Structures are given as C-alpha cells and as structure tokens.
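Inspection log for the structure reproduced underneath, given as structure tokens.
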Amino acid sequence: MPDLNRKQTVTLKWSYPQKLENFKSSHFNDMMGIYMITRKFGNKQSIIYVGKTKRFVTRRLYEHENRDFSPWTEKKGVKYVRFARVQKDGFDDEILLDCVESAIIQSLIEDGVYTLTNKDKIKTCTVYYKLRIKSIGFPFKLNHDIGFVPDGD
C-alpha cells in the first residue's frame, strides 16, 4: 500500500494528436484514461476539453457527440484528440483519474487557458492525493510538471 501522505508521481505519456474522426479507429480505441480535445481554427490551436474515462475512450467520445451534446462538439475548426493512460499501482483507479483530470484542468486555468468548455472542475475540484504529474510525449501546453496537493498541505 502506498503512503498517501507522500507526494506521488504520475507520468502521463500523451499520444500524438489525431483528427477526431481518425482517432475512433486508432489503436487507442480500447484504452481508458485522460483525453484532451483541441481544435485548430484558422492558424490558432486551442484546448477545448479535458476529460477522463474508465470506459473505452471511443465510447466516451461517441457519448459527447451523440448523447451529451457537449459544448465542444459545436466548436468550429478541425478537432484533434490526444490520449494518456493513467495507472499507478496501489491507487484507486477512479479516484486517481478524477484527481489527475482536476489537476490538469486547474493547471491550464492557472496558465491562462480560458478556452475549455468543461463544466466540472473549472471552478472547484477535490484533491484526494498529493500528486506530481509529469507529461511526456505530445501533451500540448502541459510541458511542465503539475503539483497538486490538498489545501493546507
């Protein structure tokens, strides 16, 4: 059992960005973790959504477009998806996913990213674990470590 009072490091290896329509048939289609949706509109690329899923990520993207009608689906431009698996032995997967998603969203807001369409976690979030999140691969704007600790620590 890990020491939950100690800051833990989680490394996210972000996939190369793929067009949304191509991602649905990629080798990432059966993975669960954190995903980032960006859009390119004109010459500018921006992050419009960060999410988590314990189900197949392609299933979650389908739900965004066909059931939830998430606000990012209405954004103009070419949409891209990046994906990172989240895994840390000894930690509850669902709580860890929630904490990592919260940390990323809060970090982006602190960095002045105001293009997110997420409803949850923009204003408030719950921190379950002390985390240091390292992003490698193709993270887009997450090229620095993210420190995430409960208030008062």
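Order determines the names: the first chain of the structure tokens is A, the second B, and so forth; residues in each chain are numbered 1 upward, and ligands are numbered 1 upward as they are shown.
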Please, which residues in stretch 64-132 of chain A fall within 10 Å of stretch 13-25 of chain A when counting only C-alpha atoms, and what is the closest atom pair and distance in Å to one decimal for each, ordered by chain then residue number, as JSON lines?
```
{"residue": "A:Val78", "atom": "CA", "partner": "A:Lys19", "partner_atom": "CA", "distance": 7.2}
{"residue": "A:Lys79", "atom": "CA", "partner": "A:Leu20", "partner_atom": "CA", "distance": 5.6}
{"residue": "A:Tyr80", "atom": "CA", "partner": "A:Lys19", "partner_atom": "CA", "distance": 4.3}
{"residue": "A:Val81", "atom": "CA", "partner": "A:Pro17", "partner_atom": "CA", "distance": 5.4}
{"residue": "A:Arg82", "atom": "CA", "partner": "A:Pro17", "partner_atom": "CA", "distance": 4.8}
{"residue": "A:Phe83", "atom": "CA", "partner": "A:Ser15", "partner_atom": "CA", "distance": 5.3}
{"residue": "A:Ala84", "atom": "CA", "partner": "A:Trp14", "partner_atom": "CA", "distance": 4.6}
{"residue": "A:Arg85", "atom": "CA", "partner": "A:Lys13", "partner_atom": "CA", "distance": 7.1}
{"residue": "A:Val86", "atom": "CA", "partner": "A:Lys13", "partner_atom": "CA", "distance": 8.7}
```
Export N, CA, C and O atoms of the chosen residues as a compact mmCIF listing (two decimals), in the first residue's frame?
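Heads up, here's the output in again-v9.txt:
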```
# COMPACT_ATOMS: atom_id res chain seq x y z
N VAL A 78 -11.02 22.15 -37.00
CA VAL A 78 -10.65 20.74 -37.04
C VAL A 78 -10.31 20.31 -35.62
O VAL A 78 -9.48 20.94 -34.95
N LYS A 79 -10.94 19.24 -35.15
CA LYS A 79 -10.73 18.78 -33.79
C LYS A 79 -9.74 17.62 -33.76
O LYS A 79 -9.76 16.74 -34.61
N TYR A 80 -8.87 17.66 -32.73
CA TYR A 80 -7.85 16.64 -32.53
C TYR A 80 -7.98 16.04 -31.14
O TYR A 80 -8.44 16.71 -30.21
N VAL A 81 -7.57 14.79 -30.99
CA VAL A 81 -7.61 14.11 -29.69
C VAL A 81 -6.20 13.63 -29.36
O VAL A 81 -5.50 13.08 -30.21
N ARG A 82 -5.83 13.84 -28.10
CA ARG A 82 -4.62 13.26 -27.52
C ARG A 82 -5.09 12.39 -26.36
O ARG A 82 -6.08 12.72 -25.71
N PHE A 83 -4.36 11.33 -26.08
CA PHE A 83 -4.78 10.41 -25.04
C PHE A 83 -3.60 10.01 -24.18
O PHE A 83 -2.49 9.86 -24.67
N ALA A 84 -3.85 9.83 -22.88
CA ALA A 84 -2.81 9.35 -21.96
C ALA A 84 -3.44 8.36 -20.97
O ALA A 84 -4.47 8.66 -20.36
N ARG A 85 -2.82 7.21 -20.86
CA ARG A 85 -3.27 6.20 -19.90
C ARG A 85 -2.80 6.63 -18.51
O ARG A 85 -1.68 7.11 -18.36
N VAL A 86 -3.65 6.46 -17.50
CA VAL A 86 -3.30 6.79 -16.12
C VAL A 86 -3.28 5.49 -15.33
O VAL A 86 -4.29 4.79 -15.26
```
### Query
Using the chain letters and numbers from this document, which residues of stretch 52-123 of chain A does DSSP assign to alpha helix (DSSP H), as a ChimeraX atom specification?
/A:57-63,93-110
### Message
If you run DSSP on the backbone here, which positions in stretch 45-111 of chain A get strand (DSSP E or B)? Please write them as a list in words.
### Response
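Matching residues, listed in order: Gln45, Ser46, Ile47, Ile48, Tyr49, Val50, Gly51, Lys52, Thr53, Val78, Lys79, Tyr80, Val81, Arg82, Phe83, Ala84 and Arg85 of chain A.
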Go ahead and write the selection's residues with C-alpha atoms as an mmCIF file, in the first residue's frame.
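Ended up saving to selection_5.cif:
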```
data_model
loop_
_atom_site.group_PDB
_atom_site.id
_atom_site.type_symbol
_atom_site.label_atom_id
_atom_site.label_comp_id
_atom_site.auth_asym_id
_atom_site.auth_seq_id
_atom_site.Cartn_x
_atom_site.Cartn_y
_atom_site.Cartn_z
ATOM 1 C CA GLN A 45 -4.871 25.782 -31.940
ATOM 2 C CA SER A 46 -6.565 25.731 -28.530
ATOM 3 C CA ILE A 47 -7.604 23.223 -25.889
ATOM 4 C CA ILE A 48 -11.381 22.942 -25.686
ATOM 5 C CA TYR A 49 -11.846 19.914 -23.425
ATOM 6 C CA VAL A 50 -10.013 17.696 -20.943
ATOM 7 C CA GLY A 51 -11.820 14.593 -19.787
ATOM 8 C CA LYS A 52 -11.404 11.245 -18.121
ATOM 9 C CA THR A 53 -12.936 7.881 -18.809
ATOM 10 C CA VAL A 78 -10.653 20.735 -37.043
ATOM 11 C CA LYS A 79 -10.729 18.777 -33.787
ATOM 12 C CA TYR A 80 -7.849 16.636 -32.534
ATOM 13 C CA VAL A 81 -7.605 14.110 -29.693
ATOM 14 C CA ARG A 82 -4.620 13.259 -27.518
ATOM 15 C CA PHE A 83 -4.782 10.414 -25.039
ATOM 16 C CA ALA A 84 -2.811 9.348 -21.955
ATOM 17 C CA ARG A 85 -3.270 6.198 -19.896
#
```
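In this comparison, which uses only C-alpha atoms, the residue of A:Asp93, A:Lys121, A:Leu131, A:Gly77 approaching A:Gln106 most closely is A:Lys121.
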### Message
Rounded to one decimal, what separation in Å do you get between atom CA of A:Val113 and atom CA of A:Asn143?
### Response
14.0 Å
### Query
Can you tell me, as a list in words, what residues are no more than 12 Å from A:Thr124 when counting only C-alpha atoms, ignoring any on the same chain fewer than 3 positions away?
Cys99, Ser102, Ala103, Ile105, Gln106, Ile109, Asn118, Lys119, Asp120, Lys121 and Val127 of chain A
Since we have the selection now, will you write its residues out, keeping N, CA, C and O atoms, as an mmCIF file, in the first residue's frame?
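What ended up in again34.cif:
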```
data_model
loop_
_atom_site.group_PDB
_atom_site.id
_atom_site.type_symbol
_atom_site.label_atom_id
_atom_site.label_comp_id
_atom_site.auth_asym_id
_atom_site.auth_seq_id
_atom_site.Cartn_x
_atom_site.Cartn_y
_atom_site.Cartn_z
ATOM 1 N N CYS A 99 -8.626 12.834 -9.849
ATOM 2 C CA CYS A 99 -7.622 13.756 -9.327
ATOM 3 C C CYS A 99 -6.704 14.277 -10.440
ATOM 4 O O CYS A 99 -6.407 15.469 -10.499
ATOM 5 N N SER A 102 -8.620 16.755 -12.602
ATOM 6 C CA SER A 102 -8.737 18.020 -11.874
ATOM 7 C C SER A 102 -7.444 18.810 -11.915
ATOM 8 O O SER A 102 -7.446 20.021 -12.149
ATOM 9 N N ALA A 103 -6.334 18.120 -11.689
ATOM 10 C CA ALA A 103 -5.026 18.792 -11.675
ATOM 11 C C ALA A 103 -4.720 19.420 -13.031
ATOM 12 O O ALA A 103 -4.237 20.551 -13.104
ATOM 13 N N ILE A 105 -6.861 20.364 -15.437
ATOM 14 C CA ILE A 105 -7.764 21.486 -15.701
ATOM 15 C C ILE A 105 -7.358 22.709 -14.884
ATOM 16 O O ILE A 105 -7.272 23.826 -15.412
ATOM 17 N N GLN A 106 -7.071 22.518 -13.596
ATOM 18 C CA GLN A 106 -6.664 23.647 -12.754
ATOM 19 C C GLN A 106 -5.350 24.248 -13.230
ATOM 20 O O GLN A 106 -5.179 25.464 -13.239
ATOM 21 N N ILE A 109 -5.980 26.415 -16.319
ATOM 22 C CA ILE A 109 -6.609 27.682 -15.943
ATOM 23 C C ILE A 109 -5.576 28.625 -15.325
ATOM 24 O O ILE A 109 -5.535 29.811 -15.646
ATOM 25 N N ASN A 118 -15.340 22.588 -20.392
ATOM 26 C CA ASN A 118 -15.719 21.721 -19.276
ATOM 27 C C ASN A 118 -16.626 22.480 -18.307
ATOM 28 O O ASN A 118 -16.369 23.639 -17.991
ATOM 29 N N LYS A 119 -17.637 21.829 -17.820
ATOM 30 C CA LYS A 119 -18.496 22.431 -16.804
ATOM 31 C C LYS A 119 -17.940 22.121 -15.413
ATOM 32 O O LYS A 119 -17.931 22.956 -14.539
ATOM 33 N N ASP A 120 -17.516 20.871 -15.210
ATOM 34 C CA ASP A 120 -16.994 20.448 -13.916
ATOM 35 C C ASP A 120 -15.534 20.839 -13.768
ATOM 36 O O ASP A 120 -14.807 20.954 -14.737
ATOM 37 N N LYS A 121 -15.142 21.061 -12.579
ATOM 38 C CA LYS A 121 -13.742 21.252 -12.191
ATOM 39 C C LYS A 121 -13.099 22.545 -12.651
ATOM 40 O O LYS A 121 -11.924 22.745 -12.421
ATOM 41 N N VAL A 127 -9.190 17.314 -4.159
ATOM 42 C CA VAL A 127 -7.878 16.688 -4.251
ATOM 43 C C VAL A 127 -7.851 15.500 -3.292
ATOM 44 O O VAL A 127 -8.025 15.673 -2.094
#
```
### From A:Tyr62, A:Phe148, A:Phe41, A:Tyr128, residue lying nearest A:Phe91 [only C-alpha atoms]
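Of A:Tyr62, A:Phe148, A:Phe41, A:Tyr128, the one nearest A:Phe91 is A:Tyr128, counting only C-alpha atoms.
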### Task
Have a look at atom CA of A:Leu108 and atom CA of A:Lys123 and let me know their distance in Å, one decimal.
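Separating atom CA of A:Leu108 from atom CA of A:Lys123 is a distance of 12.1 Å.
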### Query
Could you work out how far atom CA of A:Ile95 lies from atom CA of A:Thr73, giving the answer in Å with one decimal?
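Value for the atom CA of A:Thr73-atom CA of A:Ile95 distance: 26.6 Å.
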### Query
Could you pull the residues within 12 Å of A:Asp111, counting only C-alpha atoms, minus those fewer than 4 positions along the same chain, as a list of chain:residue names?
A:Ile104, A:Ile105, A:Gln106, A:Ser107, A:Thr115, A:Lys141, A:Leu142, A:Asn143, A:His144, A:Ile146
Just C-alpha atoms for this one: save the residues we selected as a short mmCIF file (atom, residue, chain, number, x, y, z; two decimals), in the first residue's frame.
```
data_model
loop_
_atom_site.label_atom_id
_atom_site.label_comp_id
_atom_site.auth_asym_id
_atom_site.auth_seq_id
_atom_site.Cartn_x
_atom_site.Cartn_y
_atom_site.Cartn_z
CA ILE A 104 -4.72 19.23 -15.44
CA ILE A 105 -7.76 21.49 -15.70
CA GLN A 106 -6.66 23.65 -12.75
CA SER A 107 -3.14 23.89 -14.17
CA THR A 115 -11.00 28.07 -23.98
CA LYS A 141 0.68 23.16 -23.25
CA LEU A 142 1.39 20.63 -20.49
CA ASN A 143 5.14 20.61 -20.95
CA HIS A 144 5.79 21.30 -17.26
CA ILE A 146 1.98 19.85 -12.28
#
```
